[in-house]
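Scroll down for the structure; my scribbles are underneath it.
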Amino acid sequence: MSSQVLAPPPPARATVPRTFAAMMAREARVMRKNFLSTFLRVLVQPVMFVFVFAYVLPKLGGGAMAGGPGGPTFSTILLPGLVGSSIIMQAMMAVIFPLMMELNWQKSITDRALAPVPVPLLAVQKIIAAALQGLIGGLLVFPAVLFIHADGQAPSVHVGNWPVLIVVMVAGSLLSAAGGLLLGTLLNPQKVQMLFALVLLPMTMLGCVYYPWSALADIRWLQILSLVNPLVYVSEGLRTALTPGIDHMPVWAFLLAIVGGTVVLSWAATRTFTKRVLT
């Protein structure tokens, strides 16, 4: 009888949901541990942009009103774009560089592959974890852009459509995380500088962050070419939800691009990730 009392409980059976939850819990602990550095990395660039364009230039008399007399302030145009840019960049960076280290230098991805979950599900876990960081990055930037401005240059923000706002932020985070996973599995680490020069910098400058997509109507070729940029759709989606008074892309267009792009990129990234891990 005493042996029955002292007998250890049966070991917990590893299941796919339990293992997946443990991986996500680990990611949450890492994010909590690195929150300060993440906070600073996310905020520095957008805060500097807002400080210069919404505070310094209006004080100097060079950026009073972006839309002319009676038009929207530049802060109003800038806010959705910077939130979208932070979501995209943070989600991509959260997966690209750790993945390159795991695949090429630390080789720690082999340990993850031994977990009792299918390798494609491991790719999905990385996408969700990076998307969560992108979403947090966008939420951190929002108050900074909202409150840093010169007198009379406050952004006019009104949430006109909560469902669209939620879908764009969540799907936009997943879209950029999936794109980051795809790039991380395809790029050679020695060519990572090309990522900034040929992908991230053009994506930011031509992603309708500093102007609405409709403003490119006079440069038709550039307006059409910019449609390959996922940041355009996230910026326009946030502009639709947060500043509905400014011209924006049709709702069906950016929702189709964001949701459809998320599905396509997730499928492609999962395939390339599985191939890299198993070879």
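Naming scheme: A, B, ... for chains in displayed order of the structure tokens; residues 1 onward per chain; ligands 1 onward as shown.
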### Query
Do you know which residues are at most 12 Å from Leu139 in chain A counting only C-alpha atoms, after dropping those on the same chain fewer than 5 positions away, and could you put them as a list in words?
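The filter keeps Phe39, Val42, Leu43, Leu79, Pro80, Leu82, Val83, Gly84, Ser85, Ser86, Ile87, Gln90, Leu132, Gln133, Gly134, Ala144, Val145, Leu146, Ile166, Met169, Val170 and Ser173 of chain A.
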### Query
Between A:Leu187, A:Leu227, A:Val209, A:Val167, which has the minimum distance to Ala241 in chain A (counting only C-alpha atoms)?
A:Val167
Write out as a compact mmCIF listing (two decimals) with N, CA and C atoms, in the first residue's frame which residues come within 10 Å of Leu265 in chain A when counting only C-alpha atoms, dropping same-chain ones fewer than 3 positions away.
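Ended up saving to part_36.txt:
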# COMPACT_ATOMS: atom_id res chain seq x y z
N LEU A 174 0.68 39.05 -39.56
CA LEU A 174 0.93 37.69 -40.07
C LEU A 174 1.56 37.72 -41.46
N LEU A 175 1.11 38.66 -42.29
CA LEU A 175 1.65 38.79 -43.65
C LEU A 175 3.15 39.10 -43.59
N SER A 176 3.54 40.07 -42.78
CA SER A 176 4.95 40.45 -42.71
C SER A 176 5.79 39.37 -42.05
N ALA A 177 5.23 38.68 -41.04
CA ALA A 177 5.97 37.59 -40.40
C ALA A 177 6.21 36.45 -41.38
N ALA A 178 5.19 36.12 -42.18
CA ALA A 178 5.36 35.07 -43.18
C ALA A 178 6.38 35.48 -44.24
N GLY A 179 6.33 36.75 -44.65
CA GLY A 179 7.33 37.24 -45.60
C GLY A 179 8.72 37.19 -45.02
N GLY A 180 8.85 37.53 -43.73
CA GLY A 180 10.15 37.46 -43.08
C GLY A 180 10.67 36.04 -43.00
N LEU A 181 9.79 35.08 -42.71
CA LEU A 181 10.21 33.68 -42.67
C LEU A 181 10.66 33.21 -44.04
N LEU A 182 9.95 33.63 -45.08
CA LEU A 182 10.34 33.25 -46.44
C LEU A 182 11.71 33.82 -46.79
N GLY A 260 -5.14 37.52 -48.76
CA GLY A 260 -4.63 36.59 -49.77
C GLY A 260 -3.11 36.46 -49.71
N GLY A 261 -2.42 37.60 -49.51
CA GLY A 261 -0.97 37.56 -49.40
C GLY A 261 -0.51 36.77 -48.18
N THR A 262 -1.25 36.87 -47.09
CA THR A 262 -0.90 36.10 -45.89
C THR A 262 -0.98 34.61 -46.16
N ALA A 268 4.14 29.40 -48.85
CA ALA A 268 5.48 29.35 -49.44
C ALA A 268 6.55 29.29 -48.36
N ALA A 269 6.39 30.09 -47.30
CA ALA A 269 7.39 30.11 -46.23
C ALA A 269 7.44 28.78 -45.50
N THR A 270 6.29 28.14 -45.31
CA THR A 270 6.26 26.84 -44.64
C THR A 270 6.99 25.79 -45.46
N ARG A 271 6.82 25.82 -46.76
CA ARG A 271 7.50 24.86 -47.64
C ARG A 271 9.01 25.09 -47.63
### For Gly207 in chain A: contacts at 10 Å, only C-alpha atoms, fewer than 6 positions along chain excluded, given as a PyMOL selection string
chain A and resi 81-82+84-85+201+213+226-236
Could you write out that same residue set with C-alpha atoms as a short mmCIF file (atom, residue, chain, number, x, y, z; two decimals), in the first residue's frame?
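result00.cif was written with the following content:
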data_model
loop_
_atom_site.label_atom_id
_atom_site.label_comp_id
_atom_site.auth_asym_id
_atom_site.auth_seq_id
_atom_site.Cartn_x
_atom_site.Cartn_y
_atom_site.Cartn_z
CA GLY A 81 1.73 54.86 -42.29
CA LEU A 82 4.17 54.79 -39.38
CA GLY A 84 1.89 50.10 -40.50
CA SER A 85 5.62 50.46 -41.10
CA LEU A 201 14.49 50.62 -47.56
CA TRP A 213 -1.71 55.85 -52.40
CA SER A 226 3.89 50.18 -55.70
CA LEU A 227 1.14 47.57 -55.67
CA VAL A 228 3.78 44.86 -55.25
CA ASN A 229 4.69 46.41 -51.88
CA PRO A 230 2.76 44.81 -48.97
CA LEU A 231 3.30 47.89 -46.82
CA VAL A 232 1.10 49.86 -49.22
CA TYR A 233 -1.92 47.73 -48.35
CA VAL A 234 -1.28 47.83 -44.60
CA SER A 235 -0.80 51.62 -44.66
CA GLU A 236 -3.93 52.12 -46.73
#
### Message
Using only C-alpha atoms for the distances, tell me which of A:Gly184, A:Gly160, A:Pro17, A:Gly172 is nearest to Pro244 in chain A.
### Response
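Nearest to Pro244 in chain A: A:Gly160.
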